[in-house]
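Below: model_22.tsv (TSV, C-alpha atoms)
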```tsv
chain	number	residue	atom	x	y	z
A	14	ALA	CA	-114.73	29.24	-3.27
A	15	LEU	CA	-111.59	28.09	-1.48
A	16	SER	CA	-109.37	30.15	-3.75
A	17	SER	CA	-111.00	33.33	-2.41
A	18	VAL	CA	-109.91	32.39	1.13
A	19	ARG	CA	-106.41	31.45	0.01
A	20	ARG	CA	-106.03	34.60	-2.08
A	21	GLN	CA	-106.95	36.82	0.85
A	22	VAL	CA	-104.78	35.02	3.41
A	23	PHE	CA	-101.74	33.90	1.45
A	24	ILE	CA	-101.49	36.36	-1.44
A	25	GLU	CA	-102.92	39.59	0.00
A	26	GLU	CA	-102.08	39.22	3.70
A	27	GLN	CA	-98.81	37.26	3.56
A	28	GLY	CA	-97.47	38.36	0.17
A	29	VAL	CA	-97.12	34.89	-1.36
A	30	PRO	CA	-96.83	35.21	-5.16
A	31	ALA	CA	-100.09	34.21	-6.86
A	32	GLU	CA	-98.29	31.99	-9.35
A	33	ILE	CA	-97.08	29.65	-6.60
A	34	GLU	CA	-100.10	29.80	-4.32
A	35	LEU	CA	-102.67	28.32	-6.69
A	36	ASP	CA	-100.94	25.29	-8.15
A	37	VAL	CA	-101.58	22.09	-10.10
A	38	ALA	CA	-101.74	20.04	-6.88
A	39	ASP	CA	-105.23	21.46	-6.30
A	40	ALA	CA	-106.56	19.21	-9.05
A	41	THR	CA	-105.68	16.01	-7.17
A	42	ALA	CA	-106.21	17.25	-3.62
A	43	THR	CA	-109.14	16.62	-1.33
A	44	HIS	CA	-110.34	20.03	-0.18
A	45	PHE	CA	-111.96	21.02	3.10
A	46	LEU	CA	-113.96	24.24	3.35
A	47	SER	CA	-115.85	26.06	6.11
A	48	TRP	CA	-118.66	28.48	5.29
A	49	ASP	CA	-120.35	31.20	7.31
A	50	TRP	CA	-124.12	31.34	7.78
A	51	GLN	CA	-124.49	33.40	4.58
A	52	GLY	CA	-122.68	30.85	2.42
A	53	LYS	CA	-119.38	32.76	2.26
A	54	PRO	CA	-116.21	30.62	2.48
A	55	VAL	CA	-114.16	31.52	5.57
A	56	ALA	CA	-111.58	28.73	6.04
A	57	CYS	CA	-109.97	25.98	3.98
A	58	ALA	CA	-107.39	23.19	3.89
A	59	ARG	CA	-106.28	20.54	1.44
A	60	LEU	CA	-105.08	16.96	1.69
A	61	LEU	CA	-102.62	15.79	-0.94
A	62	PRO	CA	-102.39	12.18	-2.17
A	63	GLU	CA	-98.75	11.98	-1.04
A	64	GLY	CA	-99.81	12.26	2.60
A	65	LYS	CA	-99.54	15.97	3.25
A	66	VAL	CA	-102.03	18.47	4.67
A	67	GLY	CA	-101.61	22.09	3.76
A	68	ARG	CA	-102.94	25.38	2.44
A	69	MET	CA	-104.73	25.81	5.74
A	70	ALA	CA	-106.17	29.30	5.87
A	71	VAL	CA	-108.74	31.09	8.02
A	72	LEU	CA	-109.95	34.59	7.24
A	73	PRO	CA	-108.87	37.13	9.90
A	74	ASP	CA	-112.36	37.76	11.31
A	75	TRP	CA	-112.82	34.03	11.89
A	76	ARG	CA	-109.53	33.20	13.59
A	77	GLY	CA	-109.55	31.95	17.16
A	78	GLN	CA	-112.92	30.23	16.81
A	79	GLY	CA	-111.69	26.68	16.23
A	80	LEU	CA	-112.24	26.47	12.47
A	81	GLY	CA	-108.62	25.57	11.79
A	82	ASP	CA	-108.74	22.86	14.46
A	83	ARG	CA	-111.87	21.34	12.92
A	84	LEU	CA	-110.42	21.42	9.41
A	85	LEU	CA	-107.18	19.81	10.56
A	86	GLN	CA	-109.11	17.11	12.41
A	87	ALA	CA	-111.20	16.47	9.30
A	88	ALA	CA	-108.01	16.00	7.29
A	89	ILE	CA	-106.56	13.66	9.93
A	90	THR	CA	-109.80	11.65	9.97
A	91	GLU	CA	-109.72	11.36	6.17
A	92	ALA	CA	-106.07	10.28	6.20
A	93	LYS	CA	-106.88	7.56	8.74
A	94	ALA	CA	-109.84	6.42	6.64
A	95	ARG	CA	-107.47	6.04	3.69
A	96	GLY	CA	-105.25	3.79	5.77
A	97	TRP	CA	-102.33	6.19	5.93
A	98	PHE	CA	-99.92	5.73	8.83
A	99	GLU	CA	-98.43	9.24	8.74
A	100	LEU	CA	-99.52	12.74	7.80
A	101	ARG	CA	-97.07	15.59	7.14
A	102	ALA	CA	-97.42	19.37	7.03
A	103	ALA	CA	-95.01	22.10	5.95
A	104	ALA	CA	-96.11	24.48	8.69
A	105	GLN	CA	-95.30	28.15	8.72
A	106	ALA	CA	-92.96	28.64	11.68
A	107	SER	CA	-95.42	31.03	13.32
A	108	VAL	CA	-98.12	28.32	13.58
A	109	THR	CA	-96.14	25.25	14.63
A	110	GLY	CA	-97.95	25.38	17.98
A	111	PHE	CA	-101.26	24.90	16.18
A	112	TYR	CA	-100.01	21.67	14.62
A	113	SER	CA	-98.32	20.56	17.87
A	114	ARG	CA	-101.65	20.82	19.72
A	115	ALA	CA	-103.07	18.32	17.21
A	116	GLY	CA	-100.19	15.89	17.85
A	117	PHE	CA	-97.77	16.85	15.09
A	118	GLU	CA	-94.04	16.89	15.86
A	119	PRO	CA	-91.27	18.82	14.09
A	120	VAL	CA	-88.99	16.94	11.69
A	121	GLY	CA	-85.65	18.30	10.50
A	122	ASP	CA	-84.50	21.88	10.20
A	123	ARG	CA	-86.58	24.92	9.36
A	124	PHE	CA	-86.60	26.05	5.75
A	125	GLU	CA	-87.82	28.93	3.62
A	126	ALA	CA	-90.72	28.63	1.19
A	127	ALA	CA	-92.41	31.56	-0.56
A	128	GLY	CA	-90.30	33.92	1.57
A	129	ILE	CA	-91.73	32.49	4.81
A	130	GLU	CA	-89.92	30.32	7.36
A	131	HIS	CA	-91.44	26.81	7.60
A	132	GLN	CA	-91.01	23.68	9.68
A	133	MET	CA	-91.85	20.21	8.39
A	134	MET	CA	-94.07	18.43	10.89
A	135	ARG	CA	-95.62	14.98	11.07
A	136	ILE	CA	-98.09	12.94	13.01
A	137	PHE	CA	-98.30	9.16	13.16
A	138	LEU	CA	-101.90	8.08	12.72
```
Translate the structure of the given file into structure tokens.
Amino acid sequence: ALSSVRRQVFIEEQGVPAEIELDVADATATHFLSWDWQGKPVACARLLPEGKVGRMAVLPDWRGQGLGDRLLQAAITEAKARGWFELRAAAQASVTGFYSRAGFEPVGDRFEAAGIEHQMMRIFL
């Protein structure tokens, strides 16, 4: 279900190559998924064992309604429950404000990944 959201947002909308979008890290990740009232997946995120949140995606018609905020907070809550002291995110440069609102701060220089400018960010839990 979550791959349908990620395909639409990352592969179709942003042009990320399919072979790098769906990766082996999915097998060990904890996944978060939001559904609409008809049971269709509309937003997702994943939490990796190495202390990183990512692959946050919200379908276009559902953006601006707080789904991303709730998914990010769910990931932060899970990281705290695991006893982690820090959570990182490789944020697309265009959405660093989203992560900043949740308490994340930029770390280091911006970098390119999948043809998109990113900024590593972290929050101390």
Report task. Work out how far apart CA of Ser17 in chain A and CA of Met134 in chain A are and give it in Å to one decimal. Result ->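 Rounded to one decimal, the two atoms are 26.2 Å apart.
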Would you kindly return, as a CSV table (one decimal) with C-alpha atoms, keeping the file's coordinate frame, each protein, DNA or RNA residue with an atom no farther than 10 Å from any atom of Gly116 in chain A, considering all atoms listed in the file and excluding same-chain residues fewer than 2 positions away?
```
chain,number,residue,atom,x,y,z
A,110,GLY,CA,-98.0,25.4,18.0
A,111,PHE,CA,-101.3,24.9,16.2
A,112,TYR,CA,-100.0,21.7,14.6
A,113,SER,CA,-98.3,20.6,17.9
A,114,ARG,CA,-101.6,20.8,19.7
A,118,GLU,CA,-94.0,16.9,15.9
A,134,MET,CA,-94.1,18.4,10.9
A,135,ARG,CA,-95.6,15.0,11.1
A,136,ILE,CA,-98.1,12.9,13.0
A,137,PHE,CA,-98.3,9.2,13.2
A,138,LEU,CA,-101.9,8.1,12.7
```
Query raised in the report: Which one is closest to Ile24 in chain A: A:Arg68, A:Arg83, A:Lys53, A:His44? Count only C-alpha atoms.
Result: A:Arg68
Query raised in the report: In Å, how far is it from CA of Trp50 in chain A to CA of Glu25 in chain A?
Result: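 Separation of CA of Trp50 in chain A and CA of Glu25 in chain A: 24.0 Å.
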Skipping near chain neighbours, those fewer than 4 positions away, what residues fall within 9 Å of range 78-80 of chain A using only C-alpha atoms, listed as a PDB file with C-alpha atoms, in the frame of the given file?
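Below is the file that was written, around27.pdb:
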```
ATOM      1  CA  SER A  47    -115.850  26.060   6.110  1.00  0.00           C
ATOM      2  CA  VAL A  55    -114.160  31.520   5.570  1.00  0.00           C
ATOM      3  CA  ALA A  56    -111.580  28.730   6.040  1.00  0.00           C
ATOM      4  CA  CYS A  57    -109.970  25.980   3.980  1.00  0.00           C
ATOM      5  CA  VAL A  71    -108.740  31.090   8.020  1.00  0.00           C
ATOM      6  CA  LEU A  84    -110.420  21.420   9.410  1.00  0.00           C
ATOM      7  CA  LEU A  85    -107.180  19.810  10.560  1.00  0.00           C
TER       8      LEU A  85
END
```
Restrict the calculation to all atoms listed in the file, then for each residue of range 45-130 of chain A with any atom at most 10 Å from an atom of range 32-39 of chain A give the closest atom pair and their distance in Å to one decimal, rows by chain and rising residue number, as CSV.
```
residue,atom,partner,partner_atom,distance
A:Arg59,CA,A:Asp39,CA,7.9
A:Leu60,CA,A:Asp39,CA,9.2
A:Leu61,CA,A:Ala38,CA,7.4
A:Pro62,CA,A:Ala38,CA,9.2
A:Arg68,CA,A:Glu34,CA,8.6
A:Ala127,CA,A:Ile33,CA,7.9
```
Report task. Find the distance between CA of Ser107 in chain A and CA of Ile129 in chain A and write it in Å to one decimal. Result -> 9.4 Å
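Each of A:Gln27, A:Thr41, A:Ser16, A:Gln21 was compared to Asp74 in chain A using only C-alpha atoms, and A:Gln21 turns out to be the nearest.
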Just need the box for range 49-57 of chain A, edges along x, y and z, holding every atom the file lists for it with 3 Å tacked onto each side, so centre and edge lengths in Å to one decimal, as AutoDock Vina command-line options.
```
--center_x -117.2 --center_y 29.7 --center_z 5.0 --size_x 20.5 --size_y 13.4 --size_z 11.5
```
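Shortest atom-to-atom contact with Asp82 in chain A among A:Leu15, A:Gln132, A:Gly121, A:Met69: A:Met69, counting only C-alpha atoms.
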Query raised in the report: Looking at A:Pro30, A:Gly64, A:Gly96, A:Gly77, which one is nearest to Ala42 in chain A, with distances taken over all atoms listed in the file?
Result: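 The answer is A:Gly64, which sits nearest to Ala42 in chain A.
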Query raised in the report: With all atoms listed in the file as the basis for distance, which of A:Ala126, A:Met133, A:Val18, A:Ala40 is at the shortest distance from Val66 in chain A?
Result: A:Met133
Query - From A:Val29, A:Val120, A:Leu72, A:Ala106, residue lying nearest Trp48 in chain A [all atoms listed in the file] - result: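 The closest residue to Trp48 in chain A is A:Leu72.
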Regenerate range 65-76 of chain A at the level of all heavy atoms and dump it as a PDB file, in the frame of the given file.
```pdb
ATOM      1  N   LYS A  65     -99.888  14.663   2.708  1.00  0.00           N
ATOM      2  CA  LYS A  65     -99.540  15.970   3.250  1.00  0.00           C
ATOM      3  C   LYS A  65    -100.798  16.827   3.357  1.00  0.00           C
ATOM      4  O   LYS A  65    -101.614  16.879   2.432  1.00  0.00           O
ATOM      5  CB  LYS A  65     -98.529  16.631   2.310  1.00  0.00           C
ATOM      6  CG  LYS A  65     -97.887  17.868   2.835  1.00  0.00           C
ATOM      7  CD  LYS A  65     -96.779  18.319   1.891  1.00  0.00           C
ATOM      8  CE  LYS A  65     -96.214  19.642   2.271  1.00  0.00           C
ATOM      9  NZ  LYS A  65     -95.258  20.133   1.283  1.00  0.00           N
ATOM     10  N   VAL A  66    -100.953  17.504   4.490  1.00  0.00           N
ATOM     11  CA  VAL A  66    -102.030  18.470   4.670  1.00  0.00           C
ATOM     12  C   VAL A  66    -101.415  19.855   4.538  1.00  0.00           C
ATOM     13  O   VAL A  66    -100.278  20.084   4.951  1.00  0.00           O
ATOM     14  CB  VAL A  66    -102.743  18.286   6.038  1.00  0.00           C
ATOM     15  CG1 VAL A  66    -101.807  18.514   7.204  1.00  0.00           C
ATOM     16  CG2 VAL A  66    -103.966  19.174   6.144  1.00  0.00           C
ATOM     17  N   GLY A  67    -102.144  20.757   3.930  1.00  0.00           N
ATOM     18  CA  GLY A  67    -101.610  22.090   3.760  1.00  0.00           C
ATOM     19  C   GLY A  67    -102.629  23.084   3.264  1.00  0.00           C
ATOM     20  O   GLY A  67    -103.816  22.805   3.197  1.00  0.00           O
ATOM     21  N   ARG A  68    -102.114  24.258   2.896  1.00  0.00           N
ATOM     22  CA  ARG A  68    -102.940  25.380   2.440  1.00  0.00           C
ATOM     23  C   ARG A  68    -104.076  25.644   3.416  1.00  0.00           C
ATOM     24  O   ARG A  68    -105.178  25.978   3.045  1.00  0.00           O
ATOM     25  CB  ARG A  68    -103.491  25.144   1.035  1.00  0.00           C
ATOM     26  CG  ARG A  68    -102.442  25.026  -0.066  1.00  0.00           C
ATOM     27  CD  ARG A  68    -101.526  26.252  -0.131  1.00  0.00           C
ATOM     28  NE  ARG A  68    -100.895  26.411  -1.430  1.00  0.00           N
ATOM     29  CZ  ARG A  68     -99.719  25.886  -1.768  1.00  0.00           C
ATOM     30  NH1 ARG A  68     -99.039  25.173  -0.908  1.00  0.00           N
ATOM     31  NH2 ARG A  68     -99.218  26.107  -2.972  1.00  0.00           N
ATOM     32  N   MET A  69    -103.749  25.505   4.708  1.00  0.00           N
ATOM     33  CA  MET A  69    -104.730  25.810   5.740  1.00  0.00           C
ATOM     34  C   MET A  69    -104.800  27.317   5.905  1.00  0.00           C
ATOM     35  O   MET A  69    -103.785  27.971   6.115  1.00  0.00           O
ATOM     36  CB  MET A  69    -104.337  25.144   7.057  1.00  0.00           C
ATOM     37  CG  MET A  69    -104.338  23.640   6.945  1.00  0.00           C
ATOM     38  SD  MET A  69    -104.589  22.819   8.502  1.00  0.00           S
ATOM     39  CE  MET A  69    -106.122  23.513   9.038  1.00  0.00           C
ATOM     40  N   ALA A  70    -105.990  27.853   5.789  1.00  0.00           N
ATOM     41  CA  ALA A  70    -106.170  29.300   5.870  1.00  0.00           C
ATOM     42  C   ALA A  70    -107.521  29.616   6.510  1.00  0.00           C
ATOM     43  O   ALA A  70    -108.519  28.976   6.198  1.00  0.00           O
ATOM     44  CB  ALA A  70    -106.099  29.914   4.480  1.00  0.00           C
ATOM     45  N   VAL A  71    -107.521  30.602   7.384  1.00  0.00           N
ATOM     46  CA  VAL A  71    -108.740  31.090   8.020  1.00  0.00           C
ATOM     47  C   VAL A  71    -108.750  32.597   7.864  1.00  0.00           C
ATOM     48  O   VAL A  71    -107.755  33.267   8.167  1.00  0.00           O
ATOM     49  CB  VAL A  71    -108.794  30.697   9.520  1.00  0.00           C
ATOM     50  CG1 VAL A  71    -110.051  31.242  10.173  1.00  0.00           C
ATOM     51  CG2 VAL A  71    -108.706  29.179   9.690  1.00  0.00           C
ATOM     52  N   LEU A  72    -109.852  33.141   7.383  1.00  0.00           N
ATOM     53  CA  LEU A  72    -109.950  34.590   7.240  1.00  0.00           C
ATOM     54  C   LEU A  72    -109.783  35.267   8.602  1.00  0.00           C
ATOM     55  O   LEU A  72    -110.201  34.713   9.631  1.00  0.00           O
ATOM     56  CB  LEU A  72    -111.298  34.977   6.631  1.00  0.00           C
ATOM     57  CG  LEU A  72    -111.536  34.525   5.190  1.00  0.00           C
ATOM     58  CD1 LEU A  72    -112.908  35.001   4.700  1.00  0.00           C
ATOM     59  CD2 LEU A  72    -110.442  35.014   4.256  1.00  0.00           C
ATOM     60  N   PRO A  73    -109.177  36.467   8.627  1.00  0.00           N
ATOM     61  CA  PRO A  73    -108.870  37.130   9.900  1.00  0.00           C
ATOM     62  C   PRO A  73    -110.034  37.241  10.878  1.00  0.00           C
ATOM     63  O   PRO A  73    -109.856  36.989  12.073  1.00  0.00           O
ATOM     64  CB  PRO A  73    -108.400  38.523   9.459  1.00  0.00           C
ATOM     65  CG  PRO A  73    -107.831  38.311   8.089  1.00  0.00           C
ATOM     66  CD  PRO A  73    -108.704  37.239   7.472  1.00  0.00           C
ATOM     67  N   ASP A  74    -111.215  37.595  10.405  1.00  0.00           N
ATOM     68  CA  ASP A  74    -112.360  37.760  11.310  1.00  0.00           C
ATOM     69  C   ASP A  74    -112.828  36.454  11.935  1.00  0.00           C
ATOM     70  O   ASP A  74    -113.611  36.470  12.884  1.00  0.00           O
ATOM     71  CB  ASP A  74    -113.538  38.418  10.585  1.00  0.00           C
ATOM     72  CG  ASP A  74    -113.289  39.880  10.256  1.00  0.00           C
ATOM     73  OD1 ASP A  74    -112.333  40.471  10.810  1.00  0.00           O
ATOM     74  OD2 ASP A  74    -114.041  40.436   9.433  1.00  0.00           O
ATOM     75  N   TRP A  75    -112.372  35.335  11.417  1.00  0.00           N
ATOM     76  CA  TRP A  75    -112.820  34.030  11.890  1.00  0.00           C
ATOM     77  C   TRP A  75    -111.756  33.281  12.690  1.00  0.00           C
ATOM     78  O   TRP A  75    -111.996  32.170  13.170  1.00  0.00           O
ATOM     79  CB  TRP A  75    -113.273  33.190  10.691  1.00  0.00           C
ATOM     80  CG  TRP A  75    -114.543  33.723  10.124  1.00  0.00           C
ATOM     81  CD1 TRP A  75    -114.678  34.696   9.172  1.00  0.00           C
ATOM     82  CD2 TRP A  75    -115.860  33.364  10.501  1.00  0.00           C
ATOM     83  NE1 TRP A  75    -116.002  34.956   8.939  1.00  0.00           N
ATOM     84  CE2 TRP A  75    -116.750  34.140   9.748  1.00  0.00           C
ATOM     85  CE3 TRP A  75    -116.377  32.456  11.416  1.00  0.00           C
ATOM     86  CZ2 TRP A  75    -118.135  34.030   9.879  1.00  0.00           C
ATOM     87  CZ3 TRP A  75    -117.753  32.339  11.535  1.00  0.00           C
ATOM     88  CH2 TRP A  75    -118.619  33.128  10.779  1.00  0.00           C
ATOM     89  N   ARG A  76    -110.604  33.868  12.847  1.00  0.00           N
ATOM     90  CA  ARG A  76    -109.530  33.200  13.590  1.00  0.00           C
ATOM     91  C   ARG A  76    -109.851  33.137  15.078  1.00  0.00           C
ATOM     92  O   ARG A  76    -110.558  33.979  15.613  1.00  0.00           O
ATOM     93  CB  ARG A  76    -108.200  33.922  13.360  1.00  0.00           C
ATOM     94  CG  ARG A  76    -107.743  33.771  11.931  1.00  0.00           C
ATOM     95  CD  ARG A  76    -106.458  34.475  11.627  1.00  0.00           C
ATOM     96  NE  ARG A  76    -106.233  34.422  10.175  1.00  0.00           N
ATOM     97  CZ  ARG A  76    -105.541  35.298   9.491  1.00  0.00           C
ATOM     98  NH1 ARG A  76    -104.947  36.306  10.108  1.00  0.00           N
ATOM     99  NH2 ARG A  76    -105.404  35.180   8.183  1.00  0.00           N
TER     100      ARG A  76
END
```
